[in-house]
Amino acid sequence: MSDQAAAEQPGRRPAKSAAAFRTISEVAAELDVPSHVLRFWETKFAQVRPLKRGGGRRYYRPEDVTLLRRIRQLLYDDGYTIKGVQKLLREGGLNDAGSGGAQPAAAQRAELDPARRRALEDVLAELESLRNTLRGGA
């Protein structure tokens with residue numbers, strides 16, 4: 001079925017243009033996060049400022065959605081904390097996650113040279129073995 005045919009079906013709205021404002025529920029669905037998370041992020045990131053209309057309804061501009069998508073990526077995919085993302089925003093390094101300050105733990109682990117990584121993995125295995133012994137396991 002074509003997009004036009006789908007849009008003409010009863011109960012279906014035509015797709016919004018890329019420049020259109022979005023409601024909080026549309027942005028939440030697009031980013032796969034609950035609406036309350038977006039409202040929480042507004043309290044933590046001063047750069048997130050949706051337009052508020054009568055009754056407190058939020059309307060997000062395309063640049064707001066882009067910023068929220070990047071914040072979501074940094075928090076959920078890259079392992080940053082809220083404080084880490086705040087620091088990136090303050091320093092203007094949001095577009096390039098590696099240039100704006102401390103790297104997330106996952107990125108730091110990936111940069112270890114193979115010999116050091118192997119040594120740390122051996123220490124971890126020994127610690128896990130000791131933990132199992134203390135718990136009464138074999």
# chains A, B, ... in the order shown; residues from 1 in each chain; ligands from 1
$ select_by_dssp --residues "range 33-72 of chain A" --states "helix (DSSP H, G or I)" --output "MDAnalysis selection string"
chainID A and resid 35:44 54:56 62:72
$ residues_around --residues "Leu68 in chain A" --least-positions-apart "4" --cutoff "9 Å" --atoms "only C-alpha atoms" --output "PyMOL selection string"
chain A and resi 27+31+38+41+48+63-64+72-73
$ atom_distance --atom1 "CA of Phe40 in chain A" --atom2 "CA of Ile82 in chain A"
11.0 Å
